[in-house]
file protein-v2.txt (compact mmCIF, C-alpha atoms and all ligand atoms)
# COMPACT_ATOMS: atom_id res chain seq x y z
CA MET A 1 111.22 67.10 135.08
CA LYS A 2 113.73 64.89 133.18
CA LEU A 3 113.39 64.67 129.39
CA ARG A 4 112.19 61.23 128.29
CA ARG A 5 113.85 59.20 125.53
CA LEU A 6 111.44 57.61 123.09
CA GLY A 7 111.17 53.88 123.59
CA ARG A 8 108.37 51.34 123.39
CA ALA A 9 105.13 53.19 124.22
CA GLN A 10 103.53 52.45 127.57
CA GLY A 11 100.03 53.75 127.11
CA ASP A 12 101.48 56.78 125.25
CA VAL A 13 99.33 58.78 122.85
CA ALA A 14 100.55 60.82 119.88
CA LEU A 15 98.58 63.63 118.24
CA LEU A 16 99.66 64.57 114.72
CA THR A 17 98.54 67.55 112.64
CA GLY A 18 98.82 66.75 108.94
CA GLY A 19 98.14 63.16 109.98
CA SER A 20 96.17 62.31 106.83
CA GLY A 21 99.09 62.13 104.40
CA GLY A 22 102.76 62.53 103.60
CA ILE A 23 105.19 62.88 106.50
CA GLY A 24 102.47 62.99 109.19
CA ALA A 25 100.88 59.73 108.05
CA ALA A 26 104.28 58.01 107.75
CA LEU A 27 105.20 59.15 111.26
CA ALA A 28 101.87 57.87 112.56
CA GLY A 29 102.83 54.46 111.12
CA GLU A 30 106.24 54.47 112.85
CA LEU A 31 104.69 55.49 116.17
CA ALA A 32 101.95 52.87 115.86
CA ALA A 33 104.68 50.26 115.38
CA ARG A 34 106.12 51.41 118.74
CA GLY A 35 102.75 50.95 120.43
CA PHE A 36 101.46 54.53 120.44
CA ALA A 37 97.74 55.24 120.24
CA LEU A 38 97.08 57.99 117.71
CA ALA A 39 94.96 61.08 117.18
CA LEU A 40 95.15 62.22 113.55
CA LEU A 41 94.22 65.80 112.59
CA ALA A 42 93.66 67.33 109.15
CA ARG A 43 90.93 69.18 107.23
CA GLY A 44 89.82 66.37 104.94
CA ALA A 45 87.70 63.71 106.68
CA ALA A 46 87.94 61.12 103.89
CA ALA A 47 91.77 61.04 103.81
CA LEU A 48 91.84 60.92 107.62
CA ASP A 49 89.50 57.92 107.63
CA ARG A 50 91.63 56.13 105.02
CA GLU A 51 94.83 56.55 107.07
CA ALA A 52 93.05 55.56 110.29
CA GLU A 53 91.72 52.36 108.69
CA LYS A 54 95.24 51.37 107.54
CA LEU A 55 96.59 51.88 111.08
CA ARG A 56 93.69 50.06 112.75
CA ALA A 57 94.29 47.11 110.43
CA ARG A 58 97.76 46.94 112.04
CA GLY A 59 96.23 46.90 115.51
CA ALA A 60 96.60 50.60 116.46
CA ARG A 61 94.03 52.55 118.45
CA VAL A 62 93.25 55.60 116.31
CA THR A 63 90.87 58.56 116.44
CA THR A 64 90.45 61.19 113.73
CA HIS A 65 89.66 64.86 114.22
CA VAL A 66 88.75 67.24 111.43
CA CYS A 67 90.70 70.40 112.19
CA ASP A 68 91.89 73.49 110.34
CA VAL A 69 95.08 74.72 112.03
CA ARG A 70 94.44 78.24 110.70
CA ASP A 71 91.68 78.49 113.31
CA PRO A 72 92.81 78.35 116.98
CA ALA A 73 89.27 77.34 118.08
CA SER A 74 89.39 74.36 115.71
CA ILE A 75 92.77 73.30 117.19
CA ALA A 76 91.45 73.64 120.75
CA ALA A 77 88.37 71.54 119.90
CA ALA A 78 90.51 68.80 118.31
CA PHE A 79 92.89 68.65 121.29
CA SER A 80 90.02 68.45 123.72
CA ALA A 81 88.28 65.68 121.70
CA ALA A 82 91.56 63.73 121.44
CA ARG A 83 92.14 64.04 125.16
CA ALA A 84 88.60 62.98 125.95
CA ALA A 85 89.00 59.92 123.71
CA HIS A 86 92.49 58.83 124.82
CA GLY A 87 92.80 60.32 128.32
CA ARG A 88 96.27 61.78 127.69
CA ILE A 89 98.63 63.19 125.06
CA ASP A 90 102.36 62.46 125.22
CA LEU A 91 103.68 63.44 121.81
CA VAL A 92 102.52 66.22 119.48
CA ALA A 93 103.85 66.23 115.92
CA VAL A 94 103.24 69.46 114.02
CA CYS A 95 103.32 68.28 110.43
CA ALA A 96 100.52 70.33 108.78
CA GLY A 97 101.99 72.70 106.24
CA ILE A 98 101.59 74.09 102.74
CA GLY A 99 103.96 75.71 100.26
CA ARG A 100 104.24 77.09 96.73
CA HIS A 101 107.01 77.15 94.17
CA VAL A 102 106.50 80.59 92.68
CA LEU A 103 108.60 83.74 92.28
CA PHE A 104 107.92 86.30 94.99
CA GLU A 105 106.83 88.84 92.35
CA ASP A 106 104.16 86.40 91.12
CA HIS A 107 102.77 85.47 94.55
CA ASP A 108 99.20 86.56 95.18
CA ALA A 109 98.06 88.00 98.52
CA GLU A 110 95.65 85.15 99.26
CA ASN A 111 98.41 82.54 98.87
CA ILE A 112 100.76 84.49 101.09
CA ARG A 113 98.10 84.77 103.77
CA SER A 114 97.27 81.08 103.59
CA ILE A 115 100.93 79.98 103.84
CA LEU A 116 101.61 82.23 106.83
CA GLU A 117 98.37 81.30 108.61
CA THR A 118 98.97 77.57 108.14
CA ASN A 119 102.73 77.32 108.62
CA VAL A 120 103.33 80.05 111.19
CA ALA A 121 100.14 80.86 113.12
CA GLY A 122 98.85 77.27 112.82
CA HIS A 123 102.16 75.84 114.04
CA LEU A 124 102.31 78.28 116.93
CA HIS A 125 98.74 77.70 118.08
CA THR A 126 99.17 73.92 117.85
CA ILE A 127 102.17 74.06 120.18
CA ARG A 128 100.28 76.40 122.53
CA ALA A 129 97.46 73.88 122.73
CA ALA A 130 99.99 71.09 123.35
CA LEU A 131 101.49 72.68 126.46
CA GLU A 132 98.79 71.78 128.97
CA PRO A 133 98.56 68.06 128.18
CA LEU A 134 102.33 67.67 127.71
CA CYS A 135 103.15 69.43 130.98
CA GLU A 136 101.23 66.73 132.90
CA ARG A 137 103.93 64.05 132.60
CA GLY A 138 106.41 65.47 130.09
CA GLY A 139 106.61 64.36 126.48
CA TRP A 140 107.69 65.32 122.99
CA ILE A 141 107.01 68.00 120.39
CA VAL A 142 108.05 67.16 116.84
CA SER A 143 108.19 70.43 114.96
CA VAL A 144 108.47 69.99 111.20
CA SER A 145 110.40 72.84 109.63
CA SER A 146 112.34 72.38 106.36
CA VAL A 147 115.80 72.78 104.87
CA ALA A 148 114.10 75.90 103.45
CA GLY A 149 113.80 77.03 107.07
CA ARG A 150 117.61 77.07 107.39
CA LEU A 151 118.64 78.15 103.88
CA GLY A 152 116.48 80.77 102.12
CA GLN A 153 115.25 79.26 98.87
CA PRO A 154 114.57 81.31 95.73
CA ASP A 155 111.19 80.52 94.14
CA GLU A 156 109.97 79.62 97.65
CA ALA A 157 110.61 82.92 99.43
CA VAL A 158 107.30 83.04 101.33
CA TYR A 159 107.49 79.35 102.26
CA SER A 160 111.11 79.86 103.39
CA ALA A 161 110.06 82.85 105.50
CA SER A 162 107.34 80.75 107.14
CA LYS A 163 109.76 77.90 107.88
CA PHE A 164 112.43 80.26 109.27
CA ALA A 165 109.70 81.33 111.73
CA VAL A 166 109.12 77.67 112.63
CA THR A 167 112.87 77.18 113.13
CA GLY A 168 113.13 80.19 115.44
CA LEU A 169 110.08 79.14 117.43
CA SER A 170 111.31 75.56 117.80
CA GLU A 171 114.89 76.47 118.74
CA ALA A 172 113.63 78.86 121.43
CA LEU A 173 111.13 76.33 122.79
CA THR A 174 113.75 73.58 122.88
CA ILE A 175 115.36 75.51 125.73
CA GLU A 176 112.22 77.06 127.24
CA LEU A 177 110.22 73.83 127.53
CA ALA A 178 113.02 71.52 128.73
CA PRO A 179 112.40 72.38 132.43
CA ARG A 180 108.77 71.29 131.87
CA GLY A 181 109.99 67.88 130.72
CA ILE A 182 109.03 68.58 127.09
CA HIS A 183 111.61 67.49 124.53
CA VAL A 184 111.42 69.53 121.30
CA LEU A 185 112.76 68.00 118.10
CA THR A 186 113.01 70.23 115.02
CA VAL A 187 112.91 68.37 111.72
CA TYR A 188 114.50 69.73 108.55
CA PRO A 189 113.44 67.63 105.56
CA GLY A 190 114.84 68.19 102.08
CA LEU A 191 112.57 67.25 99.19
CA VAL A 192 110.19 64.44 100.19
CA ARG A 193 108.02 62.44 97.77
CA THR A 194 104.54 63.42 98.98
CA GLY A 195 101.67 65.35 97.47
CA PHE A 196 103.21 68.53 98.89
CA VAL A 197 104.57 69.85 95.56
CA PRO A 198 101.75 69.83 93.00
CA GLU A 199 102.55 68.12 89.68
CA ASP A 200 102.46 71.40 87.71
CA GLU A 201 105.17 72.93 89.93
CA ARG A 202 107.58 69.98 89.92
CA SER A 203 109.35 71.20 86.76
CA ARG A 204 110.42 74.29 88.74
CA LEU A 205 112.50 72.15 91.10
CA PRO A 206 116.22 71.69 90.47
CA GLU A 207 117.22 68.34 88.98
CA SER A 208 119.53 67.69 91.98
CA ALA A 209 116.61 67.99 94.43
CA LEU A 210 114.46 65.61 92.40
CA ARG A 211 117.36 63.12 92.29
CA THR A 212 117.89 63.14 96.06
CA ALA A 213 114.16 63.24 97.01
CA ILE A 214 113.33 60.76 99.77
CA GLU A 215 110.25 58.84 100.86
CA PRO A 216 108.16 60.11 103.80
CA GLU A 217 108.87 56.83 105.63
CA ALA A 218 112.59 57.73 105.68
CA VAL A 219 111.73 61.02 107.39
CA ALA A 220 109.51 59.20 109.89
CA ARG A 221 112.26 56.70 110.74
CA ALA A 222 114.78 59.54 111.18
CA ILE A 223 112.38 61.33 113.55
CA VAL A 224 111.83 58.27 115.73
CA ARG A 225 115.56 57.51 115.77
CA ALA A 226 116.38 61.12 116.75
CA LEU A 227 113.84 60.98 119.61
CA ALA A 228 115.23 57.67 120.81
CA LEU A 229 118.74 59.20 120.86
CA GLY A 230 117.54 62.36 122.64
CA ARG A 231 118.47 64.65 119.71
CA HIS A 232 116.93 68.08 119.24
CA GLU A 233 117.34 68.46 115.48
CA VAL A 234 117.49 66.23 112.46
CA THR A 235 118.05 66.97 108.77
CA VAL A 236 116.91 64.33 106.26
CA PRO A 237 118.58 63.40 103.98
CA ARG A 238 121.73 64.12 105.97
CA ILE A 239 123.60 65.29 102.90
CA ALA A 240 121.35 68.38 102.82
CA ALA A 241 123.02 69.57 106.04
CA GLY A 242 126.21 70.09 103.99
CA GLY A 243 124.50 73.24 102.70
CA TYR A 244 124.50 74.72 106.23
CA VAL A 245 128.28 74.37 106.39
CA VAL A 246 128.88 75.92 102.95
CA ARG A 247 126.46 78.76 103.82
CA ALA A 248 128.33 79.44 107.09
CA ILE A 249 131.90 79.42 105.79
CA ALA A 250 131.48 80.65 102.20
CA PRO A 251 128.18 82.55 101.85
CA ALA A 252 129.02 84.14 98.49
CA LEU A 253 129.89 80.72 97.03
CA PHE A 254 126.68 79.31 98.49
CA ARG A 255 124.61 82.06 96.79
CA ARG A 256 126.33 81.41 93.45
CA ILE A 257 125.62 77.67 93.69
CA LEU A 258 121.97 78.25 94.57
CA ALA A 259 121.54 80.82 91.78
CA ARG A 260 122.97 78.31 89.30
CA LEU A 261 120.75 75.49 90.61
CA ARG A 262 117.61 77.64 90.34
CA GLY A 263 118.65 79.37 87.09
CA ASN A 264 115.70 77.82 85.22
CA VAL A 265 113.15 79.78 87.28
CA LEU A 266 114.99 82.98 88.24
CA PRO A 267 113.94 86.14 86.36
CA LYS A 268 116.24 87.04 83.47
CA PRO A 269 118.26 90.23 84.11
CA GLY A 270 116.44 93.30 82.84
CA ARG A 271 113.03 91.62 82.64
N1 LIG A 301 107.30 67.23 101.07
C1 LIG A 301 108.40 67.95 101.15
O1 LIG A 301 109.22 67.99 100.20
C2 LIG A 301 108.72 68.72 102.40
C3 LIG A 301 110.04 69.21 102.55
C4 LIG A 301 110.36 69.93 103.71
C5 LIG A 301 109.40 70.15 104.67
N2 LIG A 301 108.11 69.67 104.49
C6 LIG A 301 107.15 69.97 105.54
O2 LIG A 301 106.62 68.76 106.03
C7 LIG A 301 105.29 68.97 106.49
C8 LIG A 301 104.40 67.87 105.90
O3 LIG A 301 104.49 67.97 104.49
P1 LIG A 301 104.05 66.76 103.56
O4 LIG A 301 105.07 66.63 102.50
O5 LIG A 301 103.67 65.60 104.37
O6 LIG A 301 102.76 67.43 102.90
P2 LIG A 301 101.38 66.74 102.38
O7 LIG A 301 101.64 65.37 101.90
O8 LIG A 301 100.82 67.76 101.46
O9 LIG A 301 100.51 66.67 103.72
C9 LIG A 301 100.13 67.85 104.36
C10 LIG A 301 99.21 67.49 105.50
O10 LIG A 301 98.85 68.72 106.18
C11 LIG A 301 97.43 68.81 106.23
N3 LIG A 301 97.06 70.23 106.22
C12 LIG A 301 97.35 71.16 105.29
N4 LIG A 301 96.78 72.34 105.62
C13 LIG A 301 96.13 72.15 106.79
C14 LIG A 301 95.35 72.96 107.64
N5 LIG A 301 95.09 74.25 107.35
N6 LIG A 301 94.83 72.43 108.77
C15 LIG A 301 95.07 71.13 109.09
N7 LIG A 301 95.79 70.31 108.33
C16 LIG A 301 96.31 70.81 107.19
C17 LIG A 301 96.95 68.04 104.99
O11 LIG A 301 95.60 67.58 105.11
P3 LIG A 301 94.35 68.48 104.59
O12 LIG A 301 94.78 69.14 103.32
O13 LIG A 301 93.22 67.53 104.46
O14 LIG A 301 94.11 69.48 105.68
C18 LIG A 301 97.91 66.85 105.04
O15 LIG A 301 97.48 65.92 106.01
C19 LIG A 301 104.91 70.38 106.09
O16 LIG A 301 105.03 71.23 107.20
C20 LIG A 301 105.94 70.75 105.03
O17 LIG A 301 106.20 72.13 105.02
C21 LIG A 301 107.76 68.96 103.39
call {"tool": "encode", "arguments": {"input": "protein-v2.txt", "output": "structure tokens"}}
result
Amino acid sequence: MKLRRLGRAQGDVALLTGGSGGIGAALAGELAARGFALALLARGAAALDREAEKLRARGARVTTHVCDVRDPASIAAAFSAARAAHGRIDLVAVCAGIGRHVLFEDHDAENIRSILETNVAGHLHTIRAALEPLCERGGWIVSVSSVAGRLGQPDEAVYSASKFAVTGLSEALTIELAPRGIHVLTVYPGLVRTGFVPEDERSRLPESALRTAIEPEAVARAIVRALALGRHEVTVPRIAAGGYVVRAIAPALFRRILARLRGNVLPKPGR
């Protein structure tokens, strides 16, 4: 089956995990503007309802589905309810994710489990659930990784590990699912202004990241543009991709730069 380029929706339906806020909600807005009907998934019903109301006010057809991606049965139930309501699913955006800015030595076991269950197992099971509906007429998977899923980030080691897993999964599936007519786009955002980083952890971020932080709408526009152009990966902001080049050609220099940027949070020698 040929891979489709994203254009104006013709009865297409998008299902988004993490659809109640941040990047997922912004992407829902972009897709609604292109005529997609939407199924929004997240744990919190109130935030889901708020986002759905905003989209309906703009004329979109929207359903909401309370779902915890850490539980495969909850994902399966949400997919089946979305399919029953809309009749089809053409695009699945895997946006649900959590992270922590904390040194590895200070991470507690419960946090580690939660990050891996949400970002790795949750991501994997969401894509598994997407296969059946997407195989019917082909479609799109938007897999949200992170720049931290390409460049290991100190103070975010567990989050980085989880996003490297997402990157590996997505890159493999880009090739494996193409014959099924499923286009996989992997998204690598830098710092985005959402509720993702709690206020009390923001001071741990390097000044340069805070300066170049972008709005979730910019990520959503980049995703839609990449799908329209038939791309398989997109880094936003684009300047962040410069890090991949430095890492590839001068890894020792890259490590020194990163150590300097994160000097405020790294343990002092001998501590
Ligand atoms: N913001 C950034 O700087 C940044 C940078 C790079 C990559 N990313 C990635 O982008 C994605 C979206 O991040 P964001 O900034 O939009 O975060 P956000 O504003 O915190 O939104 C996260 C969304 O995921 C949902 N979610 C979290 N845990 C869930 C679970 N167990 N089951 C179902 N839904 C769950 C949340 O709703 P509930 O809490 O109600 O479930 C919410 O809708 C994540 O994968 C993140 O790793 C973010």
call {"tool": "residues_near_ligand", "arguments": {"input": "protein-v2.txt", "ligand": "ligand LIG 301 (chain A)", "cutoff": "7 Å", "atoms": "only C-alpha atoms and all ligand atoms", "output": "PyMOL selection string"}}
result
chain A and resi 17-24+41-44+47+67-70+95-99+118-119+144-147+188-197
call {"tool": "closest_residue", "arguments": {"input": "protein-v2.txt", "among": "A:Glu176, A:Glu136, A:Glu117, A:Glu110", "to": "Arg88 in chain A", "atoms": "all atoms listed in the file"}}
result
A:Glu136
call {"tool": "closest_residue", "arguments": {"input": "protein-v2.txt", "among": "A:Pro154, A:Lys2, A:Leu40, A:Ala178", "to": "Val66 in chain A", "atoms": "all atoms listed in the file"}}
result
A:Leu40
call {"tool": "residues_around", "arguments": {"input": "protein-v2.txt", "residues": "Leu185 in chain A", "least_positions_apart": "4", "cutoff": "7 Å", "atoms": "only C-alpha atoms", "output": "JSON, numbers by chain"}}
result
{"A": [141, 142, 143, 231, 232, 233]}
call {"tool": "atom_distance", "arguments": {"input": "protein-v2.txt", "atom1": "CA of Val246 in chain A", "atom2": "CA of Glu201 in chain A"}}
result
27.2 Å
call {"tool": "atom_distance", "arguments": {"input": "protein-v2.txt", "atom1": "CA of Arg128 in chain A", "atom2": "CA of Leu151 in chain A"}}
result
26.2 Å
call {"tool": "atom_distance", "arguments": {"input": "protein-v2.txt", "atom1": "CA of Thr167 in chain A", "atom2": "CA of Pro216 in chain A"}}
result
20.0 Å
call {"tool": "residues_around", "arguments": {"input": "protein-v2.txt", "residues": "Ile223 in chain A", "least_positions_apart": "5", "cutoff": "8 Å", "atoms": "all atoms listed in the file", "output": "number ranges by chain"}}
result
A: 27, 142, 187, 234
call {"tool": "residues_around", "arguments": {"input": "protein-v2.txt", "residues": "Arg56 in chain A", "least_positions_apart": "3", "cutoff": "12 Å", "atoms": "all atoms listed in the file", "output": "list in words"}}
result
Ala28, Gly29, Ala32, Ala33, Gly35, Phe36, Ala37, Leu38, Ala39, Asp49, Arg50, Glu51, Ala52, Glu53, Gly59, Ala60, Arg61, Val62, Thr63 and Thr64 of chain A
call {"tool": "closest_residue", "arguments": {"input": "protein-v2.txt", "among": "A:Ala121, A:Ala26, A:Ala220, A:Ala148", "to": "Ala241 in chain A", "atoms": "only C-alpha atoms"}}
result
A:Ala148
call {"tool": "residues_around", "arguments": {"input": "protein-v2.txt", "residues": "Leu116 in chain A", "least_positions_apart": "4", "cutoff": "12 Å", "atoms": "all atoms listed in the file", "output": "list in words"}}
result
Val69, Arg70, Gly97, Ile98, Gly99, Arg100, Ala109, Glu110, Asn111, Ile112, Val120, Ala121, Gly122, His123, Leu124, Ala157, Val158, Tyr159, Ser160, Ala161, Ser162, Lys163, Phe164, Ala165 and Val166 of chain A
call {"tool": "residues_near_point", "arguments": {"input": "protein-v2.txt", "point": "(124.7, 75.4, 98.8)", "cutoff": "12 Å", "atoms": "all atoms listed in the file", "output": "VMD selection string"}}
result
chain A and resid 147 to 148 150 to 153 208 to 209 239 to 262
call {"tool": "closest_residue", "arguments": {"input": "protein-v2.txt", "among": "A:Ile115, A:Val184, A:Leu131, A:Val92", "to": "Glu156 in chain A", "atoms": "all atoms listed in the file"}}
result
A:Ile115
call {"tool": "closest_residue", "arguments": {"input": "protein-v2.txt", "among": "A:Asn264, A:Gln10, A:Phe79, A:Arg137", "to": "Glu207 in chain A", "atoms": "only C-alpha atoms"}}
result
A:Asn264
call {"tool": "closest_residue", "arguments": {"input": "protein-v2.txt", "among": "A:Ala213, A:Ala73, A:Val13, A:Ala218", "to": "Pro133 in chain A", "atoms": "only C-alpha atoms"}}
result
A:Val13
call {"tool": "decode", "arguments": {"input": "protein-v2.txt", "residues": "range 180-262 of chain A", "atoms": "C-alpha atoms", "output": "tab-separated table (two decimals), in the first residue's frame"}}
result
chain	number	residue	atom	x	y	z
A	180	ARG	CA	1.32	-1.79	5.37
A	181	GLY	CA	0.80	1.78	4.17
A	182	ILE	CA	1.54	3.23	7.61
A	183	HIS	CA	3.77	6.30	7.60
A	184	VAL	CA	5.71	6.72	10.86
A	185	LEU	CA	6.92	10.18	11.83
A	186	THR	CA	9.27	10.49	14.81
A	187	VAL	CA	9.21	13.87	16.52
A	188	TYR	CA	12.17	15.23	18.47
A	189	PRO	CA	11.13	18.35	20.40
A	190	GLY	CA	13.60	20.44	22.38
A	191	LEU	CA	12.20	22.30	25.37
A	192	VAL	CA	8.51	23.14	24.85
A	193	ARG	CA	6.48	25.54	27.02
A	194	THR	CA	3.91	23.13	28.48
A	195	GLY	CA	3.16	21.86	31.95
A	196	PHE	CA	5.65	19.03	31.33
A	197	VAL	CA	8.45	20.46	33.52
A	198	PRO	CA	7.01	21.30	36.94
A	199	GLU	CA	7.74	24.82	38.23
A	200	ASP	CA	10.05	23.58	41.02
A	201	GLU	CA	12.31	21.80	38.50
A	202	ARG	CA	12.62	24.65	35.98
A	203	SER	CA	15.63	26.16	37.77
A	204	ARG	CA	17.53	22.93	36.97
A	205	LEU	CA	17.28	23.63	33.24
A	206	PRO	CA	20.14	25.35	31.42
A	207	GLU	CA	19.58	29.02	30.61
A	208	SER	CA	20.12	28.29	26.87
A	209	ALA	CA	17.23	25.76	26.86
A	210	LEU	CA	14.89	28.21	28.59
A	211	ARG	CA	15.85	30.90	26.04
A	212	THR	CA	15.12	28.70	23.02
A	213	ALA	CA	11.96	27.05	24.45
A	214	ILE	CA	9.12	26.97	21.93
A	215	GLU	CA	5.34	26.90	22.09
A	216	PRO	CA	3.47	23.59	21.63
A	217	GLU	CA	1.70	25.09	18.60
A	218	ALA	CA	5.08	25.39	16.84
A	219	VAL	CA	5.66	21.66	17.40
A	220	ALA	CA	2.17	20.88	16.10
A	221	ARG	CA	2.71	22.95	12.94
A	222	ALA	CA	6.08	21.25	12.35
A	223	ILE	CA	4.43	17.82	12.68
A	224	VAL	CA	1.68	18.60	10.19
A	225	ARG	CA	4.19	20.15	7.76
A	226	ALA	CA	6.46	17.09	8.04
A	227	LEU	CA	3.53	14.75	7.32
A	228	ALA	CA	2.46	16.84	4.35
A	229	LEU	CA	6.02	16.62	2.96
A	230	GLY	CA	6.23	12.86	3.60
A	231	ARG	CA	9.10	13.21	6.13
A	232	HIS	CA	9.88	10.54	8.70
A	233	GLU	CA	11.57	12.68	11.35
A	234	VAL	CA	11.42	16.23	12.57
A	235	THR	CA	13.39	18.10	15.23
A	236	VAL	CA	11.85	21.30	16.63
A	237	PRO	CA	13.36	23.83	16.98
A	238	ARG	CA	15.60	22.92	14.06
A	239	ILE	CA	18.65	24.45	15.71
A	240	ALA	CA	18.58	21.60	18.26
A	241	ALA	CA	19.53	19.18	15.47
A	242	GLY	CA	22.95	20.91	15.38
A	243	GLY	CA	23.70	18.91	18.52
A	244	TYR	CA	23.41	15.64	16.56
A	245	VAL	CA	26.14	16.81	14.19
A	246	VAL	CA	28.50	17.94	16.97
A	247	ARG	CA	27.86	14.65	18.83
A	248	ALA	CA	28.69	12.63	15.68
A	249	ILE	CA	31.88	14.41	14.61
A	250	ALA	CA	33.32	15.59	17.95
A	251	PRO	CA	31.86	13.50	20.80
A	252	ALA	CA	34.42	14.62	23.41
A	253	LEU	CA	33.70	18.28	22.62
A	254	PHE	CA	29.97	17.57	22.80
A	255	ARG	CA	30.36	16.02	26.28
A	256	ARG	CA	32.38	19.02	27.49
A	257	ILE	CA	29.74	21.46	26.21
A	258	LEU	CA	26.92	19.50	27.85
A	259	ALA	CA	28.83	19.20	31.14
A	260	ARG	CA	29.36	22.97	31.14
A	261	LEU	CA	25.69	23.66	30.30
A	262	ARG	CA	24.48	21.39	33.12
